[in-house]
Amino acid sequence: MLTNRQLFLDHLAQTTDFPLMIEIDHAEGIYMYAPDGKEYIDLISGIGVSNVGHRHPKVVEACKSQLDQYMHLMVYGEYVQSPQAQLAKALTDTLPDPLKAVYLVNSGSEAIEGAIKLAKRFTGRPNIVSCIDAYHGSSHGALSAGGNEVFKQNYRPLLPGHRHIPFEDQSALSQIDEQTAAIIVETVQGEAGVRVAHQDYFQKLRKRCDEVGALLILDEIQAGFGRTGKFWAFEHYNIAPDIFVTAKGMGGGMPIGAFISSKQIMDSLKENPILGHITTFGGHPVSSAASLATIKVIQEEKLIASVEPKANLFKSELVHPAIKEIRNKGLMMAVGFESFDVLKPVIDRAIELGVVTDWFLFCDNAMRIAPPLVITNDEIKKACKIILQAINEVVN
């Protein structure tokens with residue numbers, strides 16, 4: 001009989017010639033376990049997904065409870081489903097007015113697609129502005145908004161009307177004009193290697209959008225759900241978006257995303273044409289139940305309060321001549337090395353030693369650290385000790 005590894009290679013699509021080939025039998029908290037029992041510390045949370053840890057008991061309980069009631073019923077927006085309604089209320093309770101209308105989808109990419117459509121539909125304008133080295137997803141519209149040409153060039157032609165400006169460059173904000181439907185900005189740039197803007201930039205960005213009537217779309221697909229030390233990263237900057245996008249950490253491990261706006265803006269999807277945006281599985285009741293449980297876990301276990309102290313502990317432990325800098329916003333961290341040629345062997349060795357990290361799509365000399373928020377101080381020290389061991393074995 002073929003092994004799972006062979007079935008993986010024979011029948012599952014791979015997107016590189018060098019997949020990690022880590023086989024996982026089960027996972028719990030910050031740990032993943034191979035079939036032979038080998039333990040891995042997951043320092044990337046499945047790329048920003050497992051903010052409350054793998055298989056948090058309350059998330060698992062919520063999923064099981066919903067499975068006993070119903071799963072898929074019908075396309076989003078017609079049946080009144082308790083998991084969707086309760087989740088939408090819980091989400092909007094964390095957001096300022098007038099962000100009170102939630103459109104639930106399946107992923108971050110789909111949320112970006114919906115946000116782009118909504119901005120164009122509401123404003124009647126043709127153009128979208130986004131940032132260089134932004135990552136908003138891999139579907140066609142999301143890729144058009146993305147800001148790295150290496151990932152885009154072989155998929156052209158992409159959507160017309162997209163313009164890219166440097167992140168945090170205030171002089172470039174003049175390119176947002178009366179033909180701009182919206183500018184899409186990651187509140188913290190993720191795949192660029194955790195690039196953090198100053199508050200003044202976001203204040204001027206908000207002002208420019210208001211001056212020309214463009215909508216501000218904030219993408220917190222990676223940065224949301226407590227990752228940065230606030231429930232939402234934009235809370236650090238004393239601004240609010242017109243359209244808000246989230247996913248990844250939203251589902252506690254289940255697939256779900258959302259774009260959120262005011263009732264006035266969102267209602268533009270109701271006419272000319274009706275059903276202006278539809279999704280078969282968006283807001284799936286099991287995923288919605290998991291997301292609602294995730295919000296409650298973050299709030300009830302006060303996970304956000306511990307984010308900054310834990311980030312500081314990482315920075316105090318990860319001291320080595322090979323580490324050139326550490327950039328972070330809370331537990332969204334980039335540990336910089338001289339080059340990919342130095343970093344990649346360190347990552348490979350750390351995985352062999354039982355700590356899973358990776359690098360960033362548009363910043364291949366930095367190690368991604370984004371652990372579950374439930375990680376303890378002792379677990380941080382243990383993980384950092386292994387990373388330092390890997391560095392010493394590779395660099396020295």
# chains A, B, ... in the order shown; residues from 1 in each chain; ligands from 1
call {"tool": "residues_around", "arguments": {"residues": "region 47-59 of chain A", "least_positions_apart": "4", "cutoff": "9 Å", "atoms": "only C-alpha atoms", "output": "number ranges by chain"}}
result
A: 27-32, 43, 63-64, 221-223, 225-227, 247-254, 289-294, 296-298, 303, 332, 368, 370-375
call {"tool": "residues_around", "arguments": {"residues": "region 326-330 of chain A", "least_positions_apart": "4", "cutoff": "12 Å", "atoms": "only C-alpha atoms", "output": "PyMOL selection string"}}
result
chain A and resi 187-190+192-198+222-234+236+303-320+322+334-337+365-373
call {"tool": "write_last_selection", "arguments": {"atoms": "C-alpha atoms", "output": "compact mmCIF listing (two decimals), in the first residue's frame"}}
result
# COMPACT_ATOMS: atom_id res chain seq x y z
CA THR A 187 -2.40 47.83 8.14
CA VAL A 188 0.87 45.96 8.72
CA GLN A 189 2.55 44.72 5.56
CA GLY A 190 2.90 40.97 5.99
CA ALA A 192 6.96 42.34 2.72
CA GLY A 193 8.47 41.22 6.02
CA VAL A 194 6.38 42.95 8.72
CA ARG A 195 6.67 46.56 7.59
CA VAL A 196 5.08 48.96 10.07
CA ALA A 197 4.04 52.50 9.16
CA HIS A 198 3.94 55.50 11.48
CA GLN A 222 -2.84 38.51 8.72
CA ALA A 223 -2.83 41.31 11.28
CA GLY A 224 -6.27 40.83 12.82
CA PHE A 225 -7.68 38.85 15.74
CA GLY A 226 -5.18 40.03 18.35
CA ARG A 227 -2.02 39.34 16.39
CA THR A 228 -0.56 42.85 16.86
CA GLY A 229 -1.55 43.44 20.48
CA LYS A 230 -4.92 45.02 19.66
CA PHE A 231 -7.94 43.12 18.41
CA TRP A 232 -7.52 45.01 15.13
CA ALA A 233 -4.23 46.55 14.06
CA PHE A 234 -5.85 49.81 12.92
CA HIS A 236 -2.97 51.42 16.96
CA LEU A 303 -4.91 36.78 25.11
CA ILE A 304 -4.33 40.25 23.70
CA ALA A 305 -2.93 41.59 26.97
CA SER A 306 -0.06 39.10 26.80
CA VAL A 307 0.93 39.76 23.18
CA GLU A 308 3.39 42.61 23.75
CA PRO A 309 5.18 41.00 26.73
CA LYS A 310 5.55 37.77 24.72
CA ALA A 311 6.90 39.68 21.73
CA ASN A 312 9.42 41.40 23.99
CA LEU A 313 10.48 38.02 25.36
CA PHE A 314 11.12 36.74 21.84
CA LYS A 315 13.26 39.82 21.14
CA SER A 316 15.23 39.43 24.34
CA GLU A 317 15.90 35.73 23.72
CA LEU A 318 16.75 35.93 20.01
CA VAL A 319 20.11 37.62 20.29
CA HIS A 320 22.87 36.41 17.98
CA ALA A 322 23.73 36.44 12.69
CA ALA A 334 10.31 39.25 11.16
CA VAL A 335 13.79 38.17 12.26
CA GLY A 336 16.27 39.53 9.73
CA PHE A 337 19.41 37.72 8.53
CA ASN A 365 16.11 37.16 4.30
CA ALA A 366 13.72 37.32 7.28
CA MET A 367 12.32 34.50 9.40
CA ARG A 368 8.59 34.61 10.07
CA ILE A 369 7.56 34.27 13.71
CA ALA A 370 3.81 34.41 14.36
CA PRO A 371 3.03 31.82 17.03
CA PRO A 372 -0.36 31.02 18.49
CA LEU A 373 -1.19 33.72 21.00
call {"tool": "atom_distance", "arguments": {"atom1": "CA of Asp364 (chain A)", "atom2": "CA of Glu186 (chain A)"}}
result
18.9 Å
call {"tool": "residues_around", "arguments": {"residues": "Gln170 (chain A)", "least_positions_apart": "5", "cutoff": "8 Å", "atoms": "only C-alpha atoms", "output": "ChimeraX atom specification"}}
result
/A:201,204-205
call {"tool": "write_last_selection", "arguments": {"atoms": "N, CA and C atoms", "output": "CSV table (one decimal), in the first residue's frame"}}
result
chain,number,residue,atom,x,y,z
A,201,TYR,N,1.4,58.6,8.8
A,201,TYR,CA,1.1,58.1,7.5
A,201,TYR,C,-0.4,57.7,7.4
A,204,LYS,N,-2.7,60.8,7.4
A,204,LYS,CA,-2.7,61.5,6.1
A,204,LYS,C,-3.4,60.6,5.0
A,205,LEU,N,-3.3,59.3,5.1
A,205,LEU,CA,-4.0,58.5,4.1
A,205,LEU,C,-5.5,58.6,4.3
call {"tool": "atom_distance", "arguments": {"atom1": "CA of Ile184 (chain A)", "atom2": "CA of Glu113 (chain A)"}}
result
11.3 Å
call {"tool": "residues_around", "arguments": {"residues": "region 68-85 of chain A", "least_positions_apart": "3", "cutoff": "9 Å", "atoms": "only C-alpha atoms", "output": "list of chain:residue names"}}
result
A:Cys63, A:Lys64, A:Ser65, A:Ala88, A:Lys89, A:Ala90, A:Tyr103, A:Leu104, A:Val105, A:Ile278, A:Thr279, A:Thr280, A:Phe281, A:Gly282, A:Gly283, A:His284, A:Pro285, A:Val286, A:Ser287, A:Ser288, A:Ala289, A:Ala290, A:Ser291, A:Leu292
call {"tool": "write_last_selection", "arguments": {"atoms": "C-alpha atoms", "output": "tab-separated table (two decimals), in the first residue's frame"}}
result
chain	number	residue	atom	x	y	z
A	63	CYS	CA	-17.82	22.87	15.74
A	64	LYS	CA	-19.17	19.61	17.16
A	65	SER	CA	-22.24	21.32	18.55
A	88	ALA	CA	-21.73	39.13	12.61
A	89	LYS	CA	-22.90	40.75	15.85
A	90	ALA	CA	-19.74	39.69	17.71
A	103	TYR	CA	-20.33	39.78	4.34
A	104	LEU	CA	-18.97	36.33	5.25
A	105	VAL	CA	-16.83	34.48	2.71
A	278	ILE	CA	-22.75	35.71	-4.02
A	279	THR	CA	-20.93	32.77	-2.50
A	280	THR	CA	-22.06	29.17	-2.08
A	281	PHE	CA	-20.15	28.34	1.08
A	282	GLY	CA	-19.33	31.76	2.55
A	283	GLY	CA	-20.25	31.90	6.22
A	284	HIS	CA	-20.56	28.13	6.44
A	285	PRO	CA	-22.31	27.45	9.76
A	286	VAL	CA	-19.52	25.26	11.17
A	287	SER	CA	-16.87	27.84	10.28
A	288	SER	CA	-19.06	30.60	11.67
A	289	ALA	CA	-19.51	28.71	14.95
A	290	ALA	CA	-15.74	28.22	15.13
A	291	SER	CA	-15.15	31.91	14.50
A	292	LEU	CA	-17.60	32.99	17.18
call {"tool": "atom_distance", "arguments": {"atom1": "CA of Ala182 (chain A)", "atom2": "CA of Ile295 (chain A)"}}
result
28.5 Å
call {"tool": "residues_around", "arguments": {"residues": "region 172-181 of chain A", "least_positions_apart": "6", "cutoff": "6 Å", "atoms": "only C-alpha atoms", "output": "ChimeraX atom specification"}}
result
/A:119-120,123,125,127-128,212,214
call {"tool": "write_last_selection", "arguments": {"atoms": "C-alpha atoms", "output": "PDB file, in the first residue's frame"}}
result
ATOM      1  CA  ALA A 119     -15.767  49.786  -3.740  1.00  0.00           C
ATOM      2  CA  LYS A 120     -16.273  49.979  -7.495  1.00  0.00           C
ATOM      3  CA  THR A 123     -18.327  54.788  -5.947  1.00  0.00           C
ATOM      4  CA  ARG A 125     -15.169  54.715 -10.127  1.00  0.00           C
ATOM      5  CA  ASN A 127      -9.440  52.560 -10.370  1.00  0.00           C
ATOM      6  CA  ILE A 128      -7.827  50.820  -7.402  1.00  0.00           C
ATOM      7  CA  VAL A 212     -11.171  62.938  -3.014  1.00  0.00           C
ATOM      8  CA  ALA A 214     -12.061  57.424  -2.349  1.00  0.00           C
TER       9      ALA A 214
END
call {"tool": "residues_around", "arguments": {"residues": "Glu149 (chain A)", "least_positions_apart": "6", "cutoff": "12 Å", "atoms": "only C-alpha atoms", "output": "list in words"}}
result
Cys131, Ile132, Asp133, Ala134, Tyr135, Leu143, Tyr155, Arg156, Leu158, His164, Leu361 and Phe362 of chain A
call {"tool": "select_by_dssp", "arguments": {"residues": "region 3-108 of chain A", "states": "strand (DSSP E or B)", "output": "mmCIF file with C-alpha atoms, in the first residue's frame"}}
result
data_model
loop_
_atom_site.group_PDB
_atom_site.id
_atom_site.type_symbol
_atom_site.label_atom_id
_atom_site.label_comp_id
_atom_site.auth_asym_id
_atom_site.auth_seq_id
_atom_site.Cartn_x
_atom_site.Cartn_y
_atom_site.Cartn_z
ATOM 1 C CA HIS A 26 -2.348 15.435 15.068
ATOM 2 C CA ALA A 27 -1.955 18.877 16.613
ATOM 3 C CA GLU A 28 -2.749 20.533 19.931
ATOM 4 C CA GLY A 29 -2.037 24.032 21.221
ATOM 5 C CA TYR A 31 2.383 21.684 18.882
ATOM 6 C CA MET A 32 2.093 19.472 15.819
ATOM 7 C CA TYR A 33 2.980 15.772 15.984
ATOM 8 C CA GLU A 39 6.973 17.054 18.229
ATOM 9 C CA TYR A 40 7.051 20.328 16.312
ATOM 10 C CA ILE A 41 6.491 23.773 17.785
ATOM 11 C CA ASP A 42 4.413 25.734 15.281
ATOM 12 C CA HIS A 54 -4.479 24.170 17.259
ATOM 13 C CA ALA A 101 -22.564 45.114 7.857
ATOM 14 C CA VAL A 102 -20.638 41.845 7.505
ATOM 15 C CA TYR A 103 -20.331 39.778 4.335
ATOM 16 C CA LEU A 104 -18.965 36.332 5.245
ATOM 17 C CA VAL A 105 -16.830 34.475 2.708
#
call {"tool": "select_by_dssp", "arguments": {"residues": "region 33-181 of chain A", "states": "helix (DSSP H, G or I)", "output": "VMD selection string"}}
result
chain A and resid 45 to 48 57 to 67 82 to 93 108 to 123 140 to 145 149 to 155 170 to 175
call {"tool": "write_last_selection", "arguments": {"atoms": "C-alpha atoms", "output": "CSV table (one decimal), in the first residue's frame"}}
result
chain,number,residue,atom,x,y,z
A,45,SER,CA,0.3,29.3,13.3
A,46,GLY,CA,-0.4,27.8,9.9
A,47,ILE,CA,0.5,31.2,8.5
A,48,GLY,CA,-1.4,33.4,10.9
A,57,PRO,CA,-11.2,22.9,23.1
A,58,LYS,CA,-13.9,25.6,22.9
A,59,VAL,CA,-13.5,25.9,19.1
A,60,VAL,CA,-13.7,22.1,18.8
A,61,GLU,CA,-16.8,22.1,21.0
A,62,ALA,CA,-18.5,24.8,19.0
A,63,CYS,CA,-17.8,22.9,15.7
A,64,LYS,CA,-19.2,19.6,17.2
A,65,SER,CA,-22.2,21.3,18.5
A,66,GLN,CA,-23.0,22.9,15.2
A,67,LEU,CA,-22.5,19.6,13.4
A,82,SER,CA,-27.8,31.6,14.1
A,83,PRO,CA,-24.0,31.0,13.6
A,84,GLN,CA,-23.8,33.7,11.0
A,85,ALA,CA,-26.0,36.2,12.8
A,86,GLN,CA,-24.3,35.7,16.1
A,87,LEU,CA,-20.9,36.0,14.5
A,88,ALA,CA,-21.7,39.1,12.6
A,89,LYS,CA,-22.9,40.7,15.8
A,90,ALA,CA,-19.7,39.7,17.7
A,91,LEU,CA,-17.5,41.0,14.9
A,92,THR,CA,-19.2,44.4,14.7
A,93,ASP,CA,-19.1,44.8,18.4
A,108,GLY,CA,-8.9,36.3,2.6
A,109,SER,CA,-8.6,36.3,-1.2
A,110,GLU,CA,-12.3,36.1,-1.6
A,111,ALA,CA,-12.8,38.8,0.9
A,112,ILE,CA,-10.5,41.1,-1.1
A,113,GLU,CA,-12.4,40.3,-4.3
A,114,GLY,CA,-15.6,41.3,-2.6
A,115,ALA,CA,-14.1,44.4,-1.2
A,116,ILE,CA,-12.9,45.5,-4.7
A,117,LYS,CA,-16.3,44.9,-6.2
A,118,LEU,CA,-18.0,46.7,-3.4
A,119,ALA,CA,-15.8,49.8,-3.7
A,120,LYS,CA,-16.3,50.0,-7.5
A,121,ARG,CA,-20.0,49.4,-7.2
A,122,PHE,CA,-20.5,52.1,-4.5
A,123,THR,CA,-18.3,54.8,-5.9
A,140,HIS,CA,-7.1,37.3,-10.2
A,141,GLY,CA,-8.4,40.5,-8.6
A,142,ALA,CA,-6.4,40.0,-5.4
A,143,LEU,CA,-3.3,39.4,-7.5
A,144,SER,CA,-4.0,42.6,-9.5
A,145,ALA,CA,-4.0,44.5,-6.2
A,149,GLU,CA,5.7,41.9,-10.0
A,150,VAL,CA,7.6,38.6,-9.7
A,151,PHE,CA,4.4,36.9,-8.6
A,152,LYS,CA,2.3,38.7,-11.2
A,153,GLN,CA,4.2,38.8,-14.4
A,154,ASN,CA,3.3,35.4,-15.8
A,155,TYR,CA,-0.4,35.8,-15.1
A,170,GLN,CA,3.2,60.3,2.1
A,171,SER,CA,4.2,62.1,-1.2
A,172,ALA,CA,2.7,59.2,-3.2
A,173,LEU,CA,-0.8,59.7,-1.6
A,174,SER,CA,-1.5,62.4,-4.3
A,175,GLN,CA,-1.9,59.5,-6.7
call {"tool": "closest_residue", "arguments": {"among": "A:Met266, A:Cys384, A:Leu218, A:Ile351", "to": "Ala240 (chain A)", "atoms": "only C-alpha atoms"}}
result
A:Leu218
